Amino acid sequence: MKLVIISDTHGRHENLGILRGDILIHCGDFEQLFEQDNQAIRKIDAWFGRQEFKHILCIGGNHDLTLEKLVQIKEQPFENAIYLQDTEFVYEGVKFYGAPWVPDLSNHAFYANDLALDQAWAKVPRDVDVLVTHTPPVNILDVSSKGQRLGCASLSRRLQALNPRVHCFGHVHASAGTCVKRGTRYVNASYQPSTSAFEYEFVSRSGKSDPKSWWQKIRKLGAKQTSLSRATT
Ligand SMILES: [Zn+2]
C-alpha cells in the first residue's frame, strides 16, 4: 500500500503536479492565513479531483480559517477527499486517524487549549496505524526557523500510549523531514521546494494482515517528483 503524504501547501499545490498511489494524505494548511481566499477550498478540492489515488484523506491546519467555518455547517466539506476531524478511516486493514488541533495559537483556526488538546488526543484509538495531525508532537521534527520547539506536549504524552506505524504532520515548515523513534516513522511533510511530498509504502512480505509487522520504505519526492533519496526501516 502506497501512501503519499503532503502538508502546508498554502496555495502551492499545483506545483506538485499529479501524484499517484493508494492513499494521499494532506496534513492541513491549504490556505494562507493573511491572504484569505474564499475559493481556497474549492481550488484544492479541484486539485484533489485530479490526483490518482483510491482515497484522499485530509485534515485542517491553523491557517485554514475558511475550512474551520465550513466544517461547522458541513461535516464533509470536500467532494474529492475525506475530511477527518477526530475520526478514523480504515482501508485494507490499516487504521488511519486524523485531527487538526494546534496548541498555542489562540487566534488561528483549529486552536485548542491544553484541556481540549488532552481531550482530543485521548480519542485517538490505541490501535491506530497511521496518525495524521497538523502539529508535530513536542521534540520531534518541531524546531522552527528561529530555533524554538513548537510541537504539542499533550500529543507527545498521548503518543506514549500509542504505537502508530506512521505519524504524519506538518505545521513547522523548517523541520520538514522524517525520522524513526520507538518503531514509529515520523514524517513532517511541510511543503518545501526541494521536498514537496513523501512517498511511504507498506509491504507485506509474509502475507500477514497486521500492518505492525509490515516492512516499510520511504522516499522524498521533489517538486517535480524527482526521487531525491531512499531509506528503509
Ligand atoms: Zn503552514
# chains A, B, ... in the order shown; residues from 1 in each chain; ligands from 1
call {"tool": "closest_atom_pairs", "arguments": {"of": "chain A", "to": "ligand 1", "cutoff": "9 Å", "atoms": "only C-alpha atoms and all ligand atoms", "output": "CSV"}}
result
residue,atom,partner,partner_atom_place_in_ligand_line,distance
A:Ser7,CA,ligand 1,1 (Zn),7.6
A:Asp8,CA,ligand 1,1 (Zn),4.4
A:Thr9,CA,ligand 1,1 (Zn),7.3
A:His10,CA,ligand 1,1 (Zn),6.7
A:Gly28,CA,ligand 1,1 (Zn),7.7
A:Asp29,CA,ligand 1,1 (Zn),5.2
A:Phe30,CA,ligand 1,1 (Zn),8.1
A:Glu31,CA,ligand 1,1 (Zn),8.4
A:Gln32,CA,ligand 1,1 (Zn),8.1
A:Leu33,CA,ligand 1,1 (Zn),8.8
A:Gly61,CA,ligand 1,1 (Zn),7.3
A:Asn62,CA,ligand 1,1 (Zn),7.4
A:His63,CA,ligand 1,1 (Zn),6.7
A:His134,CA,ligand 1,1 (Zn),8.7
A:Gly170,CA,ligand 1,1 (Zn),6.9
A:His171,CA,ligand 1,1 (Zn),4.6
A:Val172,CA,ligand 1,1 (Zn),6.7
A:His173,CA,ligand 1,1 (Zn),6.4
A:Ser190,CA,ligand 1,1 (Zn),7.0
A:Tyr191,CA,ligand 1,1 (Zn),8.3
call {"tool": "write_last_selection", "arguments": {"atoms": "C-alpha atoms", "output": "PDB file, in the first residue's frame"}}
result
ATOM      1  CA  SER A   7       1.245  19.238   4.110  1.00  0.00           C
ATOM      2  CA  ASP A   8       1.264  23.017   4.335  1.00  0.00           C
ATOM      3  CA  THR A   9       0.813  23.619   0.636  1.00  0.00           C
ATOM      4  CA  HIS A  10      -0.531  27.137   1.344  1.00  0.00           C
ATOM      5  CA  GLY A  28      -3.564  20.649   6.705  1.00  0.00           C
ATOM      6  CA  ASP A  29      -2.796  24.281   5.870  1.00  0.00           C
ATOM      7  CA  PHE A  30      -4.238  24.545   2.394  1.00  0.00           C
ATOM      8  CA  GLU A  31      -4.833  28.265   2.922  1.00  0.00           C
ATOM      9  CA  GLN A  32      -2.790  31.401   3.622  1.00  0.00           C
ATOM     10  CA  LEU A  33      -3.603  32.946   6.992  1.00  0.00           C
ATOM     11  CA  GLY A  61      -4.466  23.314   9.938  1.00  0.00           C
ATOM     12  CA  ASN A  62      -4.063  26.582  11.819  1.00  0.00           C
ATOM     13  CA  HIS A  63      -4.232  28.630   8.588  1.00  0.00           C
ATOM     14  CA  HIS A 134      -1.337  19.159  11.842  1.00  0.00           C
ATOM     15  CA  GLY A 170       3.333  19.496   9.040  1.00  0.00           C
ATOM     16  CA  HIS A 171       2.975  22.957  10.665  1.00  0.00           C
ATOM     17  CA  VAL A 172       6.648  23.608  11.473  1.00  0.00           C
ATOM     18  CA  HIS A 173       7.947  24.196   7.983  1.00  0.00           C
ATOM     19  CA  SER A 190       5.601  20.539   5.174  1.00  0.00           C
ATOM     20  CA  TYR A 191       5.950  21.757   1.605  1.00  0.00           C
TER      21      TYR A 191
END
call {"tool": "select_by_dssp", "arguments": {"residues": "segment 9-226 of chain A", "states": "helix (DSSP H, G or I)", "output": "PyMOL selection string"}}
result
chain A and resi 13-16+40-50+65-73+114-122+153-159+173-175+211-213
call {"tool": "write_last_selection", "arguments": {"atoms": "C-alpha atoms", "output": "short mmCIF file (atom, residue, chain, number, x, y, z; two decimals), in the first residue's frame"}}
result
data_model
loop_
_atom_site.label_atom_id
_atom_site.label_comp_id
_atom_site.auth_asym_id
_atom_site.auth_seq_id
_atom_site.Cartn_x
_atom_site.Cartn_y
_atom_site.Cartn_z
CA HIS A 13 -0.50 22.56 -4.51
CA GLU A 14 -0.38 22.99 -8.30
CA ASN A 15 3.44 22.77 -8.06
CA LEU A 16 3.03 19.14 -7.03
CA ALA A 40 -9.16 28.19 -1.48
CA ILE A 41 -11.14 25.09 -0.55
CA ARG A 42 -12.74 24.83 -3.98
CA LYS A 43 -9.27 25.09 -5.61
CA ILE A 44 -7.60 22.39 -3.51
CA ASP A 45 -10.69 20.20 -3.91
CA ALA A 46 -10.43 20.52 -7.71
CA TRP A 47 -6.75 19.59 -7.46
CA PHE A 48 -7.63 16.58 -5.27
CA GLY A 49 -10.00 15.53 -8.04
CA ARG A 50 -7.09 15.25 -10.48
CA LEU A 65 -9.95 29.63 8.63
CA THR A 66 -12.36 29.13 5.72
CA LEU A 67 -12.34 25.40 6.27
CA GLU A 68 -12.92 25.81 10.00
CA LYS A 69 -16.10 27.80 9.28
CA LEU A 70 -17.20 25.36 6.61
CA VAL A 71 -16.97 22.25 8.80
CA GLN A 72 -19.33 23.86 11.29
CA ILE A 73 -22.09 23.61 8.69
CA ASP A 114 -4.45 22.42 26.93
CA LEU A 115 -7.56 20.77 28.34
CA ALA A 116 -9.21 20.49 24.92
CA LEU A 117 -6.00 19.05 23.47
CA ASP A 118 -5.84 16.39 26.20
CA GLN A 119 -9.47 15.50 25.47
CA ALA A 120 -8.94 15.40 21.70
CA TRP A 121 -5.82 13.22 21.81
CA ALA A 122 -7.49 10.86 24.30
CA ALA A 153 3.30 18.44 24.60
CA SER A 154 -0.16 16.96 25.11
CA LEU A 155 0.12 14.96 21.86
CA SER A 156 3.54 13.76 22.91
CA ARG A 157 2.12 12.45 26.20
CA ARG A 158 -0.67 10.62 24.38
CA LEU A 159 1.80 9.02 21.96
CA HIS A 173 7.95 24.20 7.98
CA ALA A 174 11.63 24.43 8.94
CA SER A 175 11.61 20.86 10.28
CA PRO A 211 0.45 -3.56 9.43
CA LYS A 212 2.72 -3.54 12.51
CA SER A 213 4.63 -6.45 11.01
#
call {"tool": "closest_residue", "arguments": {"among": "A:Ile6, A:Leu221, A:Ala81, A:Ile23", "to": "Phe53 of chain A", "atoms": "only C-alpha atoms"}}
result
A:Ile23
call {"tool": "closest_residue", "arguments": {"among": "A:Asp22, A:Glu52, A:Asp129, A:Gln216", "to": "Gly93 of chain A", "atoms": "only C-alpha atoms"}}
result
A:Asp129
call {"tool": "atom_distance", "arguments": {"atom1": "atom CA of Lys54 of chain A", "atom2": "atom CA of Tyr97 of chain A"}}
result
17.0 Å
call {"tool": "residues_around", "arguments": {"residues": "Lys2 of chain A", "least_positions_apart": "5", "cutoff": "7 Å", "atoms": "only C-alpha atoms", "output": "PyMOL selection string"}}
result
chain A and resi 21-23+199-202
call {"tool": "residues_around", "arguments": {"residues": "Val166 of chain A", "least_positions_apart": "4", "cutoff": "7 Å", "atoms": "only C-alpha atoms", "output": "list in words"}}
result
Asp129, Val130, Leu131, Thr184, Arg185 and Tyr186 of chain A
call {"tool": "write_last_selection", "arguments": {"atoms": "N, CA and C atoms", "output": "PDB file, in the first residue's frame"}}
result
ATOM      1  N   ASP A 129      -2.876   2.921  13.113  1.00  0.00           N
ATOM      2  CA  ASP A 129      -1.669   2.596  12.343  1.00  0.00           C
ATOM      3  C   ASP A 129      -1.040   3.844  11.732  1.00  0.00           C
ATOM      4  N   VAL A 130      -1.881   4.737  11.222  1.00  0.00           N
ATOM      5  CA  VAL A 130      -1.368   5.961  10.583  1.00  0.00           C
ATOM      6  C   VAL A 130      -2.076   7.152  11.234  1.00  0.00           C
ATOM      7  N   LEU A 131      -1.337   7.897  12.041  1.00  0.00           N
ATOM      8  CA  LEU A 131      -1.898   9.061  12.731  1.00  0.00           C
ATOM      9  C   LEU A 131      -1.597  10.316  11.915  1.00  0.00           C
ATOM     10  N   THR A 184       8.041   4.043  15.404  1.00  0.00           N
ATOM     11  CA  THR A 184       7.123   4.889  14.630  1.00  0.00           C
ATOM     12  C   THR A 184       7.918   5.710  13.625  1.00  0.00           C
ATOM     13  N   ARG A 185       7.445   5.718  12.388  1.00  0.00           N
ATOM     14  CA  ARG A 185       8.024   6.581  11.356  1.00  0.00           C
ATOM     15  C   ARG A 185       7.326   7.932  11.443  1.00  0.00           C
ATOM     16  N   TYR A 186       8.060   8.986  11.806  1.00  0.00           N
ATOM     17  CA  TYR A 186       7.507  10.342  11.870  1.00  0.00           C
ATOM     18  C   TYR A 186       7.829  11.069  10.571  1.00  0.00           C
TER      19      TYR A 186
END
call {"tool": "atom_distance", "arguments": {"atom1": "atom CA of Cys27 of chain A", "atom2": "atom CA of Ala176 of chain A"}}
result
12.4 Å
call {"tool": "select_by_dssp", "arguments": {"residues": "segment 106-197 of chain A", "states": "strand (DSSP E)", "output": "list in words"}}
result
Val130, Leu131, Val132, Thr133, Val166, His167, Cys168, Phe169, Gly177, Thr178, Cys179, Val180, Lys181, Thr184, Arg185, Tyr186, Val187, Asn188 and Ala197 of chain A
call {"tool": "closest_residue", "arguments": {"among": "A:Pro136, A:Gly11, A:Gly183, A:Gly17", "to": "Val102 of chain A", "atoms": "only C-alpha atoms"}}
result
A:Pro136
call {"tool": "residues_around", "arguments": {"residues": "Phe96 of chain A", "least_positions_apart": "3", "cutoff": "10 Å", "atoms": "only C-alpha atoms", "output": "PyMOL selection string"}}
result
chain A and resi 25+57+84+87-91+93+124-125+127-132+164+166-167
call {"tool": "atom_distance", "arguments": {"atom1": "atom CA of Cys168 of chain A", "atom2": "atom CA of Val138 of chain A"}}
result
13.4 Å
call {"tool": "decode", "arguments": {"residues": "segment 89-101 of chain A", "atoms": "N, CA and C atoms", "output": "compact mmCIF listing (two decimals), in the first residue's frame"}}
result
# COMPACT_ATOMS: atom_id res chain seq x y z
N PHE A 89 -10.50 6.19 9.63
CA PHE A 89 -10.82 5.67 8.31
C PHE A 89 -9.99 4.40 8.15
N VAL A 90 -10.64 3.31 7.78
CA VAL A 90 -9.91 2.05 7.65
C VAL A 90 -9.89 1.64 6.19
N TYR A 91 -8.72 1.32 5.71
CA TYR A 91 -8.56 0.88 4.33
C TYR A 91 -7.66 -0.35 4.33
N GLU A 92 -8.17 -1.45 3.83
CA GLU A 92 -7.43 -2.71 3.76
C GLU A 92 -6.76 -3.06 5.08
N GLY A 93 -7.49 -2.90 6.16
CA GLY A 93 -6.99 -3.29 7.47
C GLY A 93 -6.08 -2.28 8.14
N VAL A 94 -5.78 -1.17 7.45
CA VAL A 94 -4.91 -0.14 8.03
C VAL A 94 -5.80 0.97 8.59
N LYS A 95 -5.61 1.26 9.88
CA LYS A 95 -6.45 2.28 10.52
C LYS A 95 -5.77 3.64 10.50
N PHE A 96 -6.40 4.59 9.83
CA PHE A 96 -5.95 5.98 9.78
C PHE A 96 -6.80 6.77 10.78
N TYR A 97 -6.21 7.80 11.37
CA TYR A 97 -6.99 8.66 12.28
C TYR A 97 -6.46 10.08 12.12
N GLY A 98 -7.37 11.04 11.95
CA GLY A 98 -6.92 12.41 11.72
C GLY A 98 -7.58 13.41 12.64
N ALA A 99 -6.81 14.45 13.02
CA ALA A 99 -7.34 15.54 13.84
C ALA A 99 -6.51 16.81 13.60
N PRO A 100 -7.16 17.98 13.51
CA PRO A 100 -6.47 19.21 13.09
C PRO A 100 -5.90 20.08 14.21
N TRP A 101 -6.12 19.75 15.47
CA TRP A 101 -5.93 20.69 16.59
C TRP A 101 -4.49 21.14 16.77
